[in-house]
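Shown next, in structure tokens, is the structure this report addresses.
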Amino acid sequence: MLTALVTFIVVLATGAFILISAGRMLRKEPSSSLISYLFFVTAWYALQLYMMVYLFSPVFLPADSQYGYFHFNSIFAIPLHGAVAFFMTDLTFKLLGSNMPRVLKLALPLPFLAVLVTYTAGVLRKLAINRSPEEFTIAAPVSGVFVIVVIFASLVYGVWRSRRIDHPFKKRIFLFAVTLGAGTAIGLAFVFGLLSFLEFDVQNGLSILVCSAVNIPAWYAIRDLFRGQARAVAEELAKADLSLLEERYGISPREREIVSLVITGRSNREIVRELFISEETVKKHIYNIYKKMGVRSRVQLVNAVLSVSRRV
């Protein structure tokens with residue numbers, strides 16, 4: 001009971017700290033790589049929280065219901081494995097200044113989808129045959145192996161690729177990869193019996209704690225890279241000729257003024273104070289800008305402005 005409570009508190013606290021810190025940075029310095037990082041961290045902590053509930057819930061369940069609980073709920077870990085693998089790979093490419101290849105975007109989910117279909121079918125067959133045997137073992141989904149392979153492959157590729165190109169943040173990428181990789185490896189070592197002399201609940205708690213807490217030093221290792229990328233984008237945006245938006249998208253002079261403030265990280269309230277207009281007017285202008293340029297967010301707006309500027 002105490003192990004479960006401590007684990008739950010640490011996972012929530014570390015996850016909240018990173019998401020709030022990264023979210024604040026994103027608000028001030030929009031970045032596509034930072035968005036990928038937020039998606040990755042969200043998927044990572046969703047998986048840790050799910051595994052914690054999955055592993056500790058049977059303590060409170062009657063013995064005759066544990067068989068169905070374990071087998072049925074293990075299905076839901078597979079999509080989380082796939083999400084972590086996908087966003088980890090996407091993050092790696094974004095950190096290196098490129099986008100994940102379309103072929104990889106389509107191919108990466110396929111193994112997890114195959115595992116989901118086959119594992120679910122197997123679980124349903126088992127539950128149909130015998131709902132609650134006295135003794136049972138659970139074969140973990142193969143997706144757990146896939147996600148481990150993808151994580152380490154992404155980290156190795158990130159280090160290798162950053163050293164082969166003229167990347168200004170090689171050390172940051174290396175520190176991020178080593179920190180996250182080492183923490184994940186230690187967590188997995190606990191899972192595979194490194195502390196087998198301890199109680200099962202304690203082993204599970206330690207593995208989840210390590211895999212959760214490792215993101216704190218990993219965040220500090222990588223945040224300067226996000227700031228550096230944001231500064232580079234800001235410098236490029238400062239040189240962008242926004243009059244081109246009028247020609248390409250039919251943006252009005254007033255809307256162009258709004259665009260110039262949005263892409264520099266101004267909030268709606270800051271735009272209100274700067275232009276002496278109501279917040280409803282600001283929202284209406286932003287809505288019209290998004291509609292004309294075919295974007296849905298401030299980051300997409302930044303990318304659209306950069307795209308137009310780079311074509312000149």
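Quick note on naming: the chains in the structure tokens go A, B, ... in the order shown, residues restart at 1 in each chain, and ligands are numbered from 1 in order of appearance.
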Please return as an MDAnalysis selection string: the residues of stretch 175-262 of chain A that backbone DSSP assigns to alpha helix (DSSP H). chainID A and resid 175:191 200:213 215:239 243:249 253:262
Would you save the residues of that selection, restricted to C-alpha atoms, as a compact mmCIF listing (two decimals), in the first residue's frame?
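And here's part-v7.txt as it stands now:
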# COMPACT_ATOMS: atom_id res chain seq x y z
CA LEU A 175 23.31 14.13 -22.55
CA PHE A 176 19.59 13.70 -23.23
CA ALA A 177 20.16 10.33 -24.91
CA VAL A 178 22.51 9.01 -22.24
CA THR A 179 20.32 10.19 -19.36
CA LEU A 180 17.07 8.85 -20.76
CA GLY A 181 18.69 5.65 -22.01
CA ALA A 182 20.49 4.92 -18.74
CA GLY A 183 17.38 5.59 -16.65
CA THR A 184 15.24 3.38 -18.87
CA ALA A 185 17.85 0.61 -18.75
CA ILE A 186 17.94 0.73 -14.94
CA GLY A 187 14.15 0.61 -14.76
CA LEU A 188 14.11 -2.40 -17.08
CA ALA A 189 16.82 -4.09 -15.01
CA PHE A 190 14.49 -3.89 -12.01
CA VAL A 191 11.69 -5.40 -14.09
CA PHE A 200 7.34 -8.02 -6.04
CA ASP A 201 5.50 -4.77 -5.30
CA VAL A 202 8.73 -3.03 -4.31
CA GLN A 203 10.42 -4.15 -7.55
CA ASN A 204 7.52 -2.83 -9.60
CA GLY A 205 7.45 0.43 -7.68
CA LEU A 206 11.19 1.03 -8.14
CA SER A 207 11.06 0.32 -11.87
CA ILE A 208 8.20 2.80 -12.37
CA LEU A 209 9.86 5.38 -10.10
CA VAL A 210 13.12 5.25 -12.05
CA CYS A 211 11.42 5.36 -15.47
CA SER A 212 9.40 8.38 -14.28
CA ALA A 213 12.08 10.31 -12.40
CA ASN A 215 12.77 12.49 -17.25
CA ILE A 216 13.72 15.26 -14.82
CA PRO A 217 17.47 15.22 -15.62
CA ALA A 218 16.62 14.43 -19.25
CA TRP A 219 14.49 17.60 -19.39
CA TYR A 220 17.29 19.74 -17.99
CA ALA A 221 19.68 18.17 -20.49
CA ILE A 222 17.51 19.06 -23.48
CA ARG A 223 15.74 22.32 -22.63
CA ASP A 224 18.61 24.54 -23.81
CA LEU A 225 18.30 22.88 -27.20
CA PHE A 226 14.64 23.90 -27.39
CA ARG A 227 15.58 27.43 -26.36
CA GLY A 228 18.33 27.53 -28.97
CA GLN A 229 15.98 26.34 -31.68
CA ALA A 230 13.39 28.89 -30.58
CA ARG A 231 15.98 31.69 -30.73
CA ALA A 232 17.02 30.62 -34.24
CA VAL A 233 13.37 30.60 -35.36
CA ALA A 234 12.79 34.01 -33.72
CA GLU A 235 15.75 35.49 -35.61
CA GLU A 236 14.43 34.08 -38.86
CA LEU A 237 10.93 35.36 -38.16
CA ALA A 238 12.30 38.83 -37.39
CA LYS A 239 13.76 38.94 -40.91
CA SER A 243 3.92 41.55 -46.78
CA LEU A 244 4.22 38.29 -48.70
CA LEU A 245 1.29 36.98 -46.64
CA GLU A 246 -0.93 39.63 -48.19
CA GLU A 247 -0.07 38.39 -51.67
CA ARG A 248 -0.29 34.69 -50.93
CA TYR A 249 -3.14 34.49 -48.42
CA PRO A 253 -2.58 45.01 -43.02
CA ARG A 254 -4.29 44.77 -39.59
CA GLU A 255 -4.14 40.96 -39.68
CA ARG A 256 -0.48 41.18 -40.66
CA GLU A 257 0.11 43.27 -37.55
CA ILE A 258 -1.61 40.58 -35.48
CA VAL A 259 0.51 37.90 -37.15
CA SER A 260 3.71 39.78 -36.30
CA LEU A 261 2.72 39.82 -32.63
CA VAL A 262 1.50 36.20 -32.50
Selected residue, from A:Val123, A:Met100, A:Asn268, A:Leu91, that lies nearest to A:His285 when counting only C-alpha atoms: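 Counting only C-alpha atoms, the residue closest to A:His285 is A:Asn268.
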Could you tell me which of A:Ala83, A:Val6, A:Leu61, A:Ile20 comes closest to A:Phe40 if we count only C-alpha atoms?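 So, comparing all the options, the nearest one is A:Ala83.
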From A:Phe39, A:Tyr50, A:Phe169, A:Tyr287, residue lying nearest A:Ile75 [only C-alpha atoms]: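 Answer, going by the shortest atom-to-atom distance: A:Tyr50.
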Close residues, A:Leu104 itself excluded, 12 Å, only C-alpha atoms, min 2 positions apart in chain, as a PyMOL selection string: chain A and resi 85-87+89-90+93+99-102+106-111+150
7 Å contact set for A:Val302, only C-alpha atoms, chain neighbours under 4 positions out, as a tab-separated table (two decimals) with C-alpha atoms, in the first residue's frame:
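So the final result, stored in out-v8.tsv, reads:
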chain	number	residue	atom	x	y	z
A	263	ILE	CA	4.68	34.77	-34.04
A	298	ARG	CA	0.25	29.26	-33.33
A	306	LEU	CA	8.70	30.45	-42.24
A:Phe146 surroundings by only C-alpha atoms, 10 Å radius, close-in-sequence under 5 positions cut, as a compact mmCIF listing (two decimals) with N, CA, C and O atoms, in the first residue's frame:
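Contents of the output file around-v8.txt:
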# COMPACT_ATOMS: atom_id res chain seq x y z
N ILE A 78 -0.76 -1.81 -25.02
CA ILE A 78 -0.21 -1.87 -26.39
C ILE A 78 -0.30 -0.52 -27.10
O ILE A 78 0.71 -0.05 -27.66
N HIS A 81 2.29 1.74 -25.65
CA HIS A 81 3.62 1.40 -26.16
C HIS A 81 3.84 2.03 -27.53
O HIS A 81 4.90 2.60 -27.82
N GLY A 82 2.84 1.90 -28.38
CA GLY A 82 2.95 2.45 -29.73
C GLY A 82 3.09 3.96 -29.72
O GLY A 82 3.87 4.53 -30.50
N ALA A 85 6.65 4.93 -28.64
CA ALA A 85 7.60 4.65 -29.72
C ALA A 85 7.49 5.68 -30.84
O ALA A 85 8.50 6.20 -31.35
N LEU A 108 5.81 2.53 -38.70
CA LEU A 108 6.08 2.34 -37.27
C LEU A 108 4.87 1.82 -36.48
O LEU A 108 5.04 0.96 -35.61
N PRO A 111 3.67 -2.74 -36.46
CA PRO A 111 3.95 -3.84 -35.51
C PRO A 111 3.05 -3.79 -34.28
O PRO A 111 2.61 -4.84 -33.79
N PHE A 112 2.78 -2.59 -33.78
CA PHE A 112 1.93 -2.46 -32.59
C PHE A 112 0.49 -2.82 -32.91
O PHE A 112 -0.21 -3.43 -32.09
N VAL A 115 0.36 -6.60 -33.04
CA VAL A 115 0.37 -7.15 -31.68
C VAL A 115 -0.99 -6.95 -31.02
O VAL A 115 -1.51 -7.86 -30.35
N PRO A 141 2.57 -8.43 -23.61
CA PRO A 141 2.51 -8.15 -25.06
C PRO A 141 3.90 -7.90 -25.65
O PRO A 141 4.76 -7.27 -25.01
N ILE A 151 12.92 2.92 -28.62
CA ILE A 151 13.49 3.97 -27.77
C ILE A 151 15.01 3.99 -27.88
O ILE A 151 15.61 5.04 -28.16
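Minimum atom-to-atom distance to A:Pro133, evaluated using only C-alpha atoms, belongs to A:Tyr67 out of A:Phe56, A:Tyr67, A:Trp160, A:Phe72.
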For A:Arg163, list every protein, DNA or RNA residue within 12 Å, evaluated using only C-alpha atoms, and leave out those in the same chain fewer than 5 positions away; present the list as a ChimeraX atom specification. /A:96,156-158,168-174
Save the residues we just selected, C-alpha atoms, as an mmCIF file, in the first residue's frame?
data_model
loop_
_atom_site.group_PDB
_atom_site.id
_atom_site.type_symbol
_atom_site.label_atom_id
_atom_site.label_comp_id
_atom_site.auth_asym_id
_atom_site.auth_seq_id
_atom_site.Cartn_x
_atom_site.Cartn_y
_atom_site.Cartn_z
ATOM 1 C CA LEU A 96 17.966 16.946 -35.520
ATOM 2 C CA VAL A 156 21.470 5.814 -30.677
ATOM 3 C CA TYR A 157 20.445 7.297 -34.031
ATOM 4 C CA GLY A 158 20.125 10.756 -32.488
ATOM 5 C CA PRO A 168 25.079 23.244 -32.596
ATOM 6 C CA PHE A 169 23.702 21.203 -29.685
ATOM 7 C CA LYS A 170 25.585 17.920 -30.008
ATOM 8 C CA LYS A 171 26.389 17.784 -26.303
ATOM 9 C CA ARG A 172 22.773 18.410 -25.324
ATOM 10 C CA ILE A 173 21.499 15.626 -27.562
ATOM 11 C CA PHE A 174 24.182 13.304 -26.187
#
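For A:Val41, the residues within 9 Å (counting only C-alpha atoms, excluding itself and residues fewer than 5 positions away along the chain) are A:Gly15, A:Ile18, A:Leu19, A:Ser36, A:Ala46, A:Val84, A:Phe87, A:Met88, A:Asn215.
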